[in-house]
Every structure is written in structure tokens, then in C-alpha cells.
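Below is structure00.txt, which holds compact mmCIF, C-alpha atoms.
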```
# COMPACT_ATOMS: atom_id res chain seq x y z
CA MET A 1 160.75 96.75 101.63
CA LEU A 2 157.55 95.33 100.13
CA LYS A 3 155.70 95.94 103.40
CA GLU A 4 156.90 99.55 103.50
CA PHE A 5 155.72 100.07 99.93
CA LYS A 6 152.32 98.56 100.75
CA ASP A 7 151.98 100.85 103.79
CA PHE A 8 152.95 103.84 101.64
CA ALA A 9 150.57 102.94 98.81
CA MET A 10 147.63 102.30 101.10
CA LYS A 11 147.84 105.58 102.96
CA GLY A 12 144.54 107.41 102.71
CA ASN A 13 145.94 110.55 101.11
CA LEU A 14 147.71 108.70 98.32
CA VAL A 15 144.62 106.69 97.43
CA ASP A 16 142.53 109.89 97.49
CA ILE A 17 144.98 111.56 95.14
CA ALA A 18 144.89 108.59 92.75
CA VAL A 19 141.08 108.60 92.68
CA GLY A 20 141.07 112.36 92.14
CA PHE A 21 143.57 112.02 89.30
CA VAL A 22 141.48 109.40 87.50
CA MET A 23 138.30 111.43 87.96
CA GLY A 24 140.09 114.55 86.76
CA ALA A 25 141.26 112.81 83.60
CA ALA A 26 137.71 111.60 82.91
CA PHE A 27 136.34 115.08 83.58
CA LYS A 28 138.92 116.54 81.17
CA GLN A 29 137.52 114.27 78.45
CA VAL A 30 134.01 115.56 79.15
CA VAL A 31 135.19 119.17 78.98
CA THR A 32 137.15 118.53 75.78
CA SER A 33 134.05 116.99 74.24
CA PHE A 34 131.94 119.95 75.38
CA THR A 35 134.41 122.48 74.00
CA GLY A 36 134.97 120.63 70.72
CA GLY A 37 131.33 119.73 70.12
CA ILE A 38 129.45 122.75 71.45
CA VAL A 39 131.67 125.76 72.13
CA SER A 40 133.93 125.52 69.07
CA PRO A 41 131.08 125.30 66.53
CA LEU A 42 129.33 128.28 68.12
CA ILE A 43 132.51 130.36 68.05
CA GLY A 44 133.21 129.01 64.56
CA LEU A 45 129.98 130.63 63.40
CA LEU A 46 131.63 134.00 64.05
CA PHE A 47 134.62 133.09 61.86
CA ASN A 48 132.65 131.06 59.29
CA ALA A 49 135.08 128.19 59.87
CA ASP A 50 135.70 125.35 62.26
CA PHE A 51 137.17 127.09 65.29
CA LYS A 52 139.69 124.36 65.98
CA ASP A 53 141.02 124.54 62.41
CA LEU A 54 141.76 128.28 62.50
CA LYS A 55 145.37 128.98 61.66
CA LEU A 56 147.70 131.71 60.50
CA ILE A 57 149.69 130.52 57.49
CA LEU A 58 153.29 131.70 57.66
CA LYS A 59 154.48 129.84 54.57
CA ASP A 60 152.23 128.40 51.91
CA GLY A 61 152.61 124.77 51.08
CA VAL A 62 152.61 123.03 47.74
CA ALA A 63 150.02 120.47 46.70
CA ASN A 64 151.52 117.10 45.78
CA ASP A 65 150.13 114.52 43.33
CA ALA A 66 147.74 113.15 45.95
CA GLY A 67 146.29 116.63 46.56
CA GLU A 68 147.82 116.96 50.01
CA VAL A 69 149.43 120.26 50.99
CA VAL A 70 153.10 119.71 51.82
CA GLY A 71 155.56 122.16 53.36
CA GLU A 72 152.99 124.50 54.91
CA VAL A 73 154.07 126.35 58.04
CA ALA A 74 151.21 127.67 60.14
CA LEU A 75 150.34 128.80 63.64
CA LEU A 76 147.40 126.71 64.86
CA TYR A 77 145.86 129.35 67.09
CA GLY A 78 142.37 127.82 66.93
CA GLU A 79 143.55 124.64 68.62
CA PHE A 80 145.50 126.69 71.16
CA LEU A 81 142.43 128.78 72.01
CA THR A 82 140.33 125.61 72.32
CA ASN A 83 142.84 124.21 74.82
CA ILE A 84 142.76 127.48 76.79
CA ILE A 85 138.96 127.32 76.94
CA ASP A 86 139.24 123.69 78.14
CA PHE A 87 141.67 124.75 80.85
CA ILE A 88 139.50 127.64 82.03
CA ILE A 89 136.44 125.41 82.28
CA VAL A 90 138.33 122.68 84.19
CA ALA A 91 140.00 125.23 86.51
CA PHE A 92 136.66 126.93 87.24
CA VAL A 93 134.89 123.65 88.01
CA MET A 94 137.77 122.50 90.23
CA PHE A 95 137.65 125.86 92.03
CA MET A 96 133.91 125.45 92.63
CA ILE A 97 134.38 121.87 93.89
CA VAL A 98 137.13 122.88 96.33
CA LYS A 99 135.07 125.86 97.47
CA GLY A 100 132.06 123.60 98.06
CA ILE A 101 134.11 121.03 99.96
CA ASN A 102 135.64 123.71 102.15
CA LYS A 103 132.19 125.11 102.87
CA MET A 104 130.87 121.65 103.79
CA LYS A 105 133.73 120.93 106.15
CA LYS A 106 132.71 121.27 109.73
CA LYS A 107 133.97 124.49 111.18
CA GLU A 108 136.56 123.65 113.75
CA GLU A 109 135.44 124.96 117.08
CA PRO A 110 138.16 126.45 119.21
CA ALA A 111 139.25 124.21 122.04
CA PRO A 112 137.44 125.07 125.26
CA GLU A 113 139.57 127.20 127.51
CA GLU A 114 140.87 125.55 130.60
CA PRO A 115 139.20 126.84 133.71
CA LYS A 116 141.35 129.52 135.15
CA GLY A 117 142.65 129.02 138.62
CA PRO A 118 142.60 131.64 141.28
CA SER A 119 144.55 134.80 140.59
CA GLN A 120 147.68 135.75 142.47
CA GLU A 121 145.73 138.18 144.61
CA GLU A 122 143.17 135.51 145.53
CA LEU A 123 145.92 133.07 146.48
CA LEU A 124 147.70 135.65 148.62
CA THR A 125 144.43 136.58 150.30
CA GLU A 126 143.71 132.93 151.01
CA ILE A 127 147.22 132.40 152.43
CA ARG A 128 146.85 135.51 154.60
CA ASP A 129 143.49 134.31 155.94
CA LEU A 130 144.97 130.88 156.71
CA LEU A 131 147.91 132.46 158.54
CA LYS A 132 145.54 134.59 160.62
CA LYS A 133 143.82 131.48 161.94
```

Starting from the file, lay out its structure as C-alpha cells.
Amino acid sequence: MLKEFKDFAMKGNLVDIAVGFVMGAAFKQVVTSFTGGIVSPLIGLLFNADFKDLKLILKDGVANDAGEVVGEVALLYGEFLTNIIDFIIVAFVMFMIVKGINKMKKKEEPAPEEPKGPSQEELLTEIRDLLKK
């Protein structure tokens, strides 16, 4: 059973998927950093607030003795929009990578056709000529 597992784990496709997964997770961090550090502040300029902190308050909270707001119910649409922007950037880059890889792949040439043998008419003609002799 251990040998079967080793054979399964060492298959090329599985290792490729694992490497792709790790690279994708690292790339996601880069995109999240880009969105949070560059895109969100620029969009936040339009709203005069930190884009990620935008929210729609459904129920106001009450400030406690420590000055923290307790009991507030809000829709955090700024964070949701930031995650959508992250997804769009990652999806677009992945699309471009796959498109580039597919373009770089060698075009498969069609298999050369087997040489055609003589047609039925040619065979019959040849048989006729042989019979005449």
C-alpha cells in the first residue's frame, strides 16, 4: 500500500498541481497586498474613507466604557468589493498565463497519411493484364 501511495504521489501531474497550488497561494498574497496597499487607497480617495472599511450600518451599536462600539450590525461591502477585485486580478492573470502556455505549446502536426495503395480499378487492370499473359 505504501508503494502504491508513493507511485500515486510522485506522478508528474500531481506534483505539478501541488507546485501550482503553492505558487497560486503566494500569488494571491501578492495580489491581496496590491489591492489593499494600492487599489483600495486610490478608490478610497473617491469615498474619502478607507475602501476596505466601507460598510452599511443596519443597526447602530452602543459604546461601552472602553470606548468600543458593541452590538453594531453592518454590511461590510468594502471588504467584499476588495475581495472581488482580488479575484478578478487573479483570474485575469491566470487566464493570461494559460493563454500564453497554450500559445507556446508546439502545434501538433497531423499524423502523416499512410501512402495509399492502388485503387480497385488499378488492381483489376493489373489482374487483367496478368491473365492476358

Exercise: stretch 68-78 of chain A partners within 7 Å, only C-alpha atoms, chain neighbours under 6 positions left out, as a PyMOL selection string: chain A and resi 51-62

Is it possible to get the axis-aligned box enclosing stretch 20-30 of chain A (all listed atoms, 6 Å extra per side) as JSON, with centre and edge lengths in Å rounded to one decimal?
```
{"center_x": 138.8, "center_y": 113.0, "center_z": 85.3, "size_x": 21.6, "size_y": 19.1, "size_z": 25.7}
```

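The neighbours of stretch 31-43 of chain A here are the residues that come within 8 Å of it, using only C-alpha atoms and leaving out any residue fewer than 4 positions away in the same chain; they are Phe27, Phe47, Asp50, Phe51, Lys52, Thr82, Ile85, Asp86, Ile89 and Val90 of chain A.
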
Any chance you could export the current selection's C-alpha atoms as a compact mmCIF listing (two decimals), in the frame of the given file?
```
# COMPACT_ATOMS: atom_id res chain seq x y z
CA PHE A 27 136.34 115.08 83.58
CA PHE A 47 134.62 133.09 61.86
CA ASP A 50 135.70 125.35 62.26
CA PHE A 51 137.17 127.09 65.29
CA LYS A 52 139.69 124.36 65.98
CA THR A 82 140.33 125.61 72.32
CA ILE A 85 138.96 127.32 76.94
CA ASP A 86 139.24 123.69 78.14
CA ILE A 89 136.44 125.41 82.28
CA VAL A 90 138.33 122.68 84.19
```

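As for atom CA of A:Phe80 and atom CA of A:Gly44, they are spaced 14.1 Å apart.
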
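What separates atom CA of A:Ala91 from atom CA of A:Ala18 is a distance of 18.4 Å.
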
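Interatomic distance, atom CA of A:Ala49 to atom CA of A:Lys28: 24.6 Å.
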
Write stretch 46-78 of chain A as a PDB file, in the coordinates of the input, completed to N, CA and C atoms.
```
ATOM      1  N   LEU A  46     131.136 132.627  64.167  1.00  0.00           N
ATOM      2  CA  LEU A  46     131.630 134.000  64.050  1.00  0.00           C
ATOM      3  C   LEU A  46     132.695 134.113  62.967  1.00  0.00           C
ATOM      4  N   PHE A  47     133.511 133.062  62.823  1.00  0.00           N
ATOM      5  CA  PHE A  47     134.620 133.090  61.860  1.00  0.00           C
ATOM      6  C   PHE A  47     134.278 132.379  60.557  1.00  0.00           C
ATOM      7  N   ASN A  48     133.062 131.833  60.459  1.00  0.00           N
ATOM      8  CA  ASN A  48     132.650 131.060  59.290  1.00  0.00           C
ATOM      9  C   ASN A  48     133.641 129.932  58.980  1.00  0.00           C
ATOM     10  N   ALA A  49     134.142 129.306  60.028  1.00  0.00           N
ATOM     11  CA  ALA A  49     135.080 128.190  59.870  1.00  0.00           C
ATOM     12  C   ALA A  49     135.040 127.366  61.143  1.00  0.00           C
ATOM     13  N   ASP A  50     135.584 126.162  61.059  1.00  0.00           N
ATOM     14  CA  ASP A  50     135.700 125.350  62.260  1.00  0.00           C
ATOM     15  C   ASP A  50     136.732 126.006  63.167  1.00  0.00           C
ATOM     16  N   PHE A  51     136.319 126.337  64.365  1.00  0.00           N
ATOM     17  CA  PHE A  51     137.170 127.090  65.290  1.00  0.00           C
ATOM     18  C   PHE A  51     138.498 126.405  65.536  1.00  0.00           C
ATOM     19  N   LYS A  52     138.467 125.097  65.678  1.00  0.00           N
ATOM     20  CA  LYS A  52     139.690 124.360  65.980  1.00  0.00           C
ATOM     21  C   LYS A  52     140.666 124.361  64.802  1.00  0.00           C
ATOM     22  N   ASP A  53     140.157 124.552  63.598  1.00  0.00           N
ATOM     23  CA  ASP A  53     141.020 124.540  62.410  1.00  0.00           C
ATOM     24  C   ASP A  53     141.548 125.921  62.028  1.00  0.00           C
ATOM     25  N   LEU A  54     141.256 126.944  62.824  1.00  0.00           N
ATOM     26  CA  LEU A  54     141.760 128.280  62.500  1.00  0.00           C
ATOM     27  C   LEU A  54     143.277 128.295  62.626  1.00  0.00           C
ATOM     28  N   LYS A  55     143.906 128.921  61.651  1.00  0.00           N
ATOM     29  CA  LYS A  55     145.370 128.980  61.660  1.00  0.00           C
ATOM     30  C   LYS A  55     145.844 130.186  60.887  1.00  0.00           C
ATOM     31  N   LEU A  56     147.049 130.611  61.196  1.00  0.00           N
ATOM     32  CA  LEU A  56     147.700 131.710  60.500  1.00  0.00           C
ATOM     33  C   LEU A  56     148.825 131.090  59.684  1.00  0.00           C
ATOM     34  N   ILE A  57     148.697 131.148  58.376  1.00  0.00           N
ATOM     35  CA  ILE A  57     149.690 130.520  57.490  1.00  0.00           C
ATOM     36  C   ILE A  57     150.891 131.446  57.360  1.00  0.00           C
ATOM     37  N   LEU A  58     152.047 130.943  57.766  1.00  0.00           N
ATOM     38  CA  LEU A  58     153.290 131.700  57.660  1.00  0.00           C
ATOM     39  C   LEU A  58     153.989 131.433  56.337  1.00  0.00           C
ATOM     40  N   LYS A  59     153.858 130.203  55.853  1.00  0.00           N
ATOM     41  CA  LYS A  59     154.480 129.840  54.570  1.00  0.00           C
ATOM     42  C   LYS A  59     153.525 128.892  53.866  1.00  0.00           C
ATOM     43  N   ASP A  60     153.149 129.250  52.677  1.00  0.00           N
ATOM     44  CA  ASP A  60     152.230 128.400  51.910  1.00  0.00           C
ATOM     45  C   ASP A  60     152.915 127.101  51.525  1.00  0.00           C
ATOM     46  N   GLY A  61     152.110 126.065  51.491  1.00  0.00           N
ATOM     47  CA  GLY A  61     152.610 124.770  51.080  1.00  0.00           C
ATOM     48  C   GLY A  61     152.326 124.529  49.612  1.00  0.00           C
ATOM     49  N   VAL A  62     152.797 123.413  49.135  1.00  0.00           N
ATOM     50  CA  VAL A  62     152.610 123.030  47.740  1.00  0.00           C
ATOM     51  C   VAL A  62     151.800 121.740  47.715  1.00  0.00           C
ATOM     52  N   ALA A  63     150.835 121.680  46.816  1.00  0.00           N
ATOM     53  CA  ALA A  63     150.020 120.470  46.700  1.00  0.00           C
ATOM     54  C   ALA A  63     150.812 119.416  45.929  1.00  0.00           C
ATOM     55  N   ASN A  64     150.823 118.193  46.466  1.00  0.00           N
ATOM     56  CA  ASN A  64     151.520 117.100  45.780  1.00  0.00           C
ATOM     57  C   ASN A  64     150.539 116.370  44.862  1.00  0.00           C
ATOM     58  N   ASP A  65     150.966 115.262  44.273  1.00  0.00           N
ATOM     59  CA  ASP A  65     150.130 114.520  43.330  1.00  0.00           C
ATOM     60  C   ASP A  65     148.858 113.979  43.964  1.00  0.00           C
ATOM     61  N   ALA A  66     148.905 113.686  45.261  1.00  0.00           N
ATOM     62  CA  ALA A  66     147.740 113.150  45.950  1.00  0.00           C
ATOM     63  C   ALA A  66     146.782 114.257  46.396  1.00  0.00           C
ATOM     64  N   GLY A  67     147.143 115.504  46.185  1.00  0.00           N
ATOM     65  CA  GLY A  67     146.290 116.630  46.560  1.00  0.00           C
ATOM     66  C   GLY A  67     146.509 117.098  47.988  1.00  0.00           C
ATOM     67  N   GLU A  68     147.515 116.547  48.650  1.00  0.00           N
ATOM     68  CA  GLU A  68     147.820 116.960  50.010  1.00  0.00           C
ATOM     69  C   GLU A  68     148.771 118.145  49.989  1.00  0.00           C
ATOM     70  N   VAL A  69     148.557 119.092  50.911  1.00  0.00           N
ATOM     71  CA  VAL A  69     149.430 120.260  50.990  1.00  0.00           C
ATOM     72  C   VAL A  69     150.672 119.861  51.805  1.00  0.00           C
ATOM     73  N   VAL A  70     151.840 120.100  51.203  1.00  0.00           N
ATOM     74  CA  VAL A  70     153.100 119.710  51.820  1.00  0.00           C
ATOM     75  C   VAL A  70     153.948 120.964  52.006  1.00  0.00           C
ATOM     76  N   GLY A  71     154.632 121.054  53.137  1.00  0.00           N
ATOM     77  CA  GLY A  71     155.560 122.160  53.360  1.00  0.00           C
ATOM     78  C   GLY A  71     154.914 123.416  53.927  1.00  0.00           C
ATOM     79  N   GLU A  72     153.659 123.329  54.343  1.00  0.00           N
ATOM     80  CA  GLU A  72     152.990 124.500  54.910  1.00  0.00           C
ATOM     81  C   GLU A  72     153.453 124.721  56.340  1.00  0.00           C
ATOM     82  N   VAL A  73     153.714 125.981  56.669  1.00  0.00           N
ATOM     83  CA  VAL A  73     154.070 126.350  58.040  1.00  0.00           C
ATOM     84  C   VAL A  73     152.972 127.279  58.537  1.00  0.00           C
ATOM     85  N   ALA A  74     152.334 126.883  59.638  1.00  0.00           N
ATOM     86  CA  ALA A  74     151.210 127.670  60.140  1.00  0.00           C
ATOM     87  C   ALA A  74     151.159 127.655  61.660  1.00  0.00           C
ATOM     88  N   LEU A  75     150.608 128.724  62.208  1.00  0.00           N
ATOM     89  CA  LEU A  75     150.340 128.800  63.640  1.00  0.00           C
ATOM     90  C   LEU A  75     148.906 128.337  63.862  1.00  0.00           C
ATOM     91  N   LEU A  76     148.733 127.275  64.624  1.00  0.00           N
ATOM     92  CA  LEU A  76     147.400 126.710  64.860  1.00  0.00           C
ATOM     93  C   LEU A  76     146.773 127.370  66.086  1.00  0.00           C
ATOM     94  N   TYR A  77     146.376 128.629  65.936  1.00  0.00           N
ATOM     95  CA  TYR A  77     145.860 129.350  67.090  1.00  0.00           C
ATOM     96  C   TYR A  77     144.460 128.901  67.483  1.00  0.00           C
ATOM     97  N   GLY A  78     143.706 128.318  66.584  1.00  0.00           N
ATOM     98  CA  GLY A  78     142.370 127.820  66.930  1.00  0.00           C
ATOM     99  C   GLY A  78     142.448 126.671  67.920  1.00  0.00           C
TER     100      GLY A  78
END
```
